[in-house]
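Trainee: Just passing along the structure, written as structure tokens.
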Amino acid sequence: MKFTSQIEDQTGTVKLEGRFTFETHPAFKSCTQSLLDTGKLDRVVLDMEGVSYMDASSLGMILLLREATEGRNLALALKRPSASVRRLLEIVQFEKIFEILP
């Protein structure tokens with residue numbers, strides 16, 4: 001799994017590429033924490049277009065990030081999930097708690 005981040009217009013975007021699994025937790029946490037620590041954000045977006053697979057632990061990581069963003073009064077959105085990832089997000093009803101961007 002590869003994580004890259006950027007900040008543009010007070011939106012921090014983390015681009016995810018590959019298999020999002022338990023093994024990626026340390027890298028995901030490090031990347032998102034570094035982004036949050038900048039203190040220059042209004043919103044965080046997870047660009048999921050490149051995610052080929054997600055397991056249950058990755059869903060938990062997204063929920064933990066949601067807690068961290070809410071604690072800082074930041075919005076969190078999920079962007080461009082692939083078809084298979086979108087099906088998983090629908091099954092667990094993430095569209096009820098996250099904005100899912102096209």
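Chain identifiers are assigned as A, B, and so on, following the order in which chains appear in the structure tokens; residues are numbered from 1 within each chain, and ligands are numbered from 1 in order of appearance.
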Can you tell me, as a PyMOL selection string, what residues are no more than 10 Å from range 9-12 of chain A when counting only C-alpha atoms, ignoring any on the same chain fewer than 2 positions away?
Mentor: chain A and resi 5-7+14-15+32+35-36+38-46+74-76
Trainee: Take the residues from that selection and write them out as a PDB file, in the first residue's frame, keeping N, CA and C atoms.
Mentor:
```
ATOM      1  N   SER A   5       0.321  12.279   0.497  1.00  0.00           N
ATOM      2  CA  SER A   5      -0.575  13.335   0.986  1.00  0.00           C
ATOM      3  C   SER A   5      -0.167  14.675   0.408  1.00  0.00           C
ATOM      4  N   GLN A   6      -1.156  15.546   0.351  1.00  0.00           N
ATOM      5  CA  GLN A   6      -0.925  16.925  -0.090  1.00  0.00           C
ATOM      6  C   GLN A   6      -1.976  17.821   0.547  1.00  0.00           C
ATOM      7  N   ILE A   7      -1.652  19.091   0.628  1.00  0.00           N
ATOM      8  CA  ILE A   7      -2.592  20.078   1.149  1.00  0.00           C
ATOM      9  C   ILE A   7      -2.817  21.121   0.070  1.00  0.00           C
ATOM     10  N   VAL A  14      -5.253  12.448   1.216  1.00  0.00           N
ATOM     11  CA  VAL A  14      -4.382  11.280   1.294  1.00  0.00           C
ATOM     12  C   VAL A  14      -4.810  10.345   0.174  1.00  0.00           C
ATOM     13  N   LYS A  15      -3.881  10.090  -0.745  1.00  0.00           N
ATOM     14  CA  LYS A  15      -4.158   9.169  -1.848  1.00  0.00           C
ATOM     15  C   LYS A  15      -3.678   7.781  -1.437  1.00  0.00           C
ATOM     16  N   THR A  32      -1.519  10.058   8.032  1.00  0.00           N
ATOM     17  CA  THR A  32      -2.665  10.894   8.409  1.00  0.00           C
ATOM     18  C   THR A  32      -2.336  11.782   9.608  1.00  0.00           C
ATOM     19  N   LEU A  35      -0.415  14.798   8.509  1.00  0.00           N
ATOM     20  CA  LEU A  35      -1.315  15.731   7.845  1.00  0.00           C
ATOM     21  C   LEU A  35      -2.114  16.523   8.878  1.00  0.00           C
ATOM     22  N   LEU A  36      -2.660  15.836   9.869  1.00  0.00           N
ATOM     23  CA  LEU A  36      -3.443  16.507  10.907  1.00  0.00           C
ATOM     24  C   LEU A  36      -2.586  17.472  11.724  1.00  0.00           C
ATOM     25  N   THR A  38      -0.335  19.409  10.825  1.00  0.00           N
ATOM     26  CA  THR A  38      -0.001  20.683  10.179  1.00  0.00           C
ATOM     27  C   THR A  38      -0.854  21.821  10.735  1.00  0.00           C
ATOM     28  N   GLY A  39      -2.078  21.489  11.188  1.00  0.00           N
ATOM     29  CA  GLY A  39      -2.960  22.508  11.750  1.00  0.00           C
ATOM     30  C   GLY A  39      -3.499  23.488  10.728  1.00  0.00           C
ATOM     31  N   LYS A  40      -3.369  23.188   9.452  1.00  0.00           N
ATOM     32  CA  LYS A  40      -3.775  24.116   8.392  1.00  0.00           C
ATOM     33  C   LYS A  40      -5.009  23.645   7.636  1.00  0.00           C
ATOM     34  N   LEU A  41      -5.786  22.758   8.223  1.00  0.00           N
ATOM     35  CA  LEU A  41      -6.850  22.091   7.479  1.00  0.00           C
ATOM     36  C   LEU A  41      -8.248  22.448   7.962  1.00  0.00           C
ATOM     37  N   ASP A  42      -9.184  22.374   7.018  1.00  0.00           N
ATOM     38  CA  ASP A  42     -10.611  22.411   7.325  1.00  0.00           C
ATOM     39  C   ASP A  42     -11.241  21.052   7.058  1.00  0.00           C
ATOM     40  N   ARG A  43     -10.538  20.253   6.229  1.00  0.00           N
ATOM     41  CA  ARG A  43     -11.133  19.011   5.767  1.00  0.00           C
ATOM     42  C   ARG A  43     -10.035  18.030   5.371  1.00  0.00           C
ATOM     43  N   VAL A  44     -10.336  16.741   5.544  1.00  0.00           N
ATOM     44  CA  VAL A  44      -9.449  15.662   5.116  1.00  0.00           C
ATOM     45  C   VAL A  44     -10.235  14.791   4.131  1.00  0.00           C
ATOM     46  N   VAL A  45      -9.582  14.435   3.029  1.00  0.00           N
ATOM     47  CA  VAL A  45     -10.197  13.584   2.011  1.00  0.00           C
ATOM     48  C   VAL A  45      -9.303  12.367   1.803  1.00  0.00           C
ATOM     49  N   LEU A  46      -9.903  11.188   1.855  1.00  0.00           N
ATOM     50  CA  LEU A  46      -9.195   9.961   1.502  1.00  0.00           C
ATOM     51  C   LEU A  46      -9.550   9.622   0.063  1.00  0.00           C
ATOM     52  N   LEU A  74     -12.778  18.906  12.059  1.00  0.00           N
ATOM     53  CA  LEU A  74     -12.509  18.804  10.628  1.00  0.00           C
ATOM     54  C   LEU A  74     -13.493  17.833   9.996  1.00  0.00           C
ATOM     55  N   ALA A  75     -13.849  18.106   8.752  1.00  0.00           N
ATOM     56  CA  ALA A  75     -14.679  17.182   7.988  1.00  0.00           C
ATOM     57  C   ALA A  75     -13.785  16.081   7.419  1.00  0.00           C
ATOM     58  N   LEU A  76     -14.369  14.904   7.207  1.00  0.00           N
ATOM     59  CA  LEU A  76     -13.660  13.790   6.583  1.00  0.00           C
ATOM     60  C   LEU A  76     -14.546  13.231   5.478  1.00  0.00           C
TER      61      LEU A  76
END
```
Trainee: Please report, as a VMD selection string, each residue of range 42-98 of chain A to which DSSP assigns strand (DSSP E) when run on this structure's backbone.
Mentor: chain A and resid 43 to 54 75 to 79
Trainee: Could you state the separation of CA of His25 in chain A and CA of Pro102 in chain A in Å, given to one decimal place?
Mentor: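 Answer for the CA of His25 in chain A to CA of Pro102 in chain A separation: 25.2 Å.
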Trainee: Env of Pro81 in chain A: 9 Å cut, atoms = only C-alpha atoms, seq-sep filter 5 positions within chain, self excluded. Answer as a VMD selection string.
Mentor: chain A and resid 47 to 51 86 89 100 to 102
Trainee: Pull N, CA and C atoms from the residues just selected and write them as a short mmCIF file (atom, residue, chain, number, x, y, z; two decimals), in the first residue's frame.
Mentor:
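For reference, out.cif as written:
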```cif
data_model
loop_
_atom_site.label_atom_id
_atom_site.label_comp_id
_atom_site.auth_asym_id
_atom_site.auth_seq_id
_atom_site.Cartn_x
_atom_site.Cartn_y
_atom_site.Cartn_z
N ASP A 47 -8.58 9.76 -0.84
CA ASP A 47 -8.79 9.44 -2.25
C ASP A 47 -8.55 7.94 -2.41
N MET A 48 -9.64 7.20 -2.62
CA MET A 48 -9.60 5.74 -2.59
C MET A 48 -9.65 5.10 -3.98
N GLU A 49 -9.44 5.90 -5.00
CA GLU A 49 -9.54 5.38 -6.37
C GLU A 49 -8.57 4.22 -6.61
N GLY A 50 -7.40 4.27 -6.01
CA GLY A 50 -6.39 3.25 -6.24
C GLY A 50 -6.42 2.08 -5.28
N VAL A 51 -7.44 2.00 -4.42
CA VAL A 51 -7.53 0.89 -3.47
C VAL A 51 -8.13 -0.32 -4.17
N ARG A 86 -16.47 0.45 -3.10
CA ARG A 86 -17.76 1.12 -2.89
C ARG A 86 -18.81 0.12 -2.40
N LEU A 89 -18.20 -0.41 1.22
CA LEU A 89 -18.64 0.77 1.99
C LEU A 89 -20.16 0.81 2.12
N ILE A 100 -19.28 10.71 0.57
CA ILE A 100 -18.55 9.96 -0.43
C ILE A 100 -18.59 10.77 -1.72
N LEU A 101 -17.42 11.24 -2.13
CA LEU A 101 -17.29 12.11 -3.29
C LEU A 101 -17.06 11.31 -4.55
N PRO A 102 -17.60 11.81 -5.67
CA PRO A 102 -17.37 11.12 -6.95
C PRO A 102 -15.92 11.26 -7.42
#
```
Trainee: May I ask which of the residues A:Thr4, A:Thr69, A:Ser57, A:Ser52 is the closest one to Ala83 in chain A, counting only C-alpha atoms?
Mentor: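 Ranked by minimum distance to Ala83 in chain A, first place goes to A:Ser52.
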Trainee: Taking the chain letters and numbering used in this document, name the residues of range 44-87 of chain A that DSSP puts in helix (DSSP H, G or I), as a count of residues only.
Mentor: 21
Trainee: Check the smallest atom-to-atom distance from each of A:Tyr53, A:Glu17, A:Ala27, A:Arg72 to Leu88 in chain A using only C-alpha atoms, then report the winner.
Mentor: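 Result for the nearest residue to Leu88 in chain A: A:Tyr53.
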Trainee: Have a look at A:Lys29, A:Leu78, A:Met1, A:Phe94 and name the one nearest to Leu16 in chain A; count only C-alpha atoms.
Mentor: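 Of A:Lys29, A:Leu78, A:Met1, A:Phe94, the one nearest Leu16 in chain A, counting only C-alpha atoms, is A:Met1.
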Trainee: Mind pulling up the distance from CA of Val85 in chain A to CA of Lys2 in chain A?
Mentor: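 CA of Val85 in chain A lies at a distance of 16.4 Å from CA of Lys2 in chain A.
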Trainee: One number please: CA of Ser34 in chain A to CA of Phe22 in chain A, in Å, one decimal.
Mentor: 19.4 Å
Trainee: Counting only C-alpha atoms, which residue out of A:Phe3, A:Ala77, A:Val92, A:Ile62 sits closest to Ser30 in chain A?
Mentor: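 The closest residue to Ser30 in chain A is A:Phe3.
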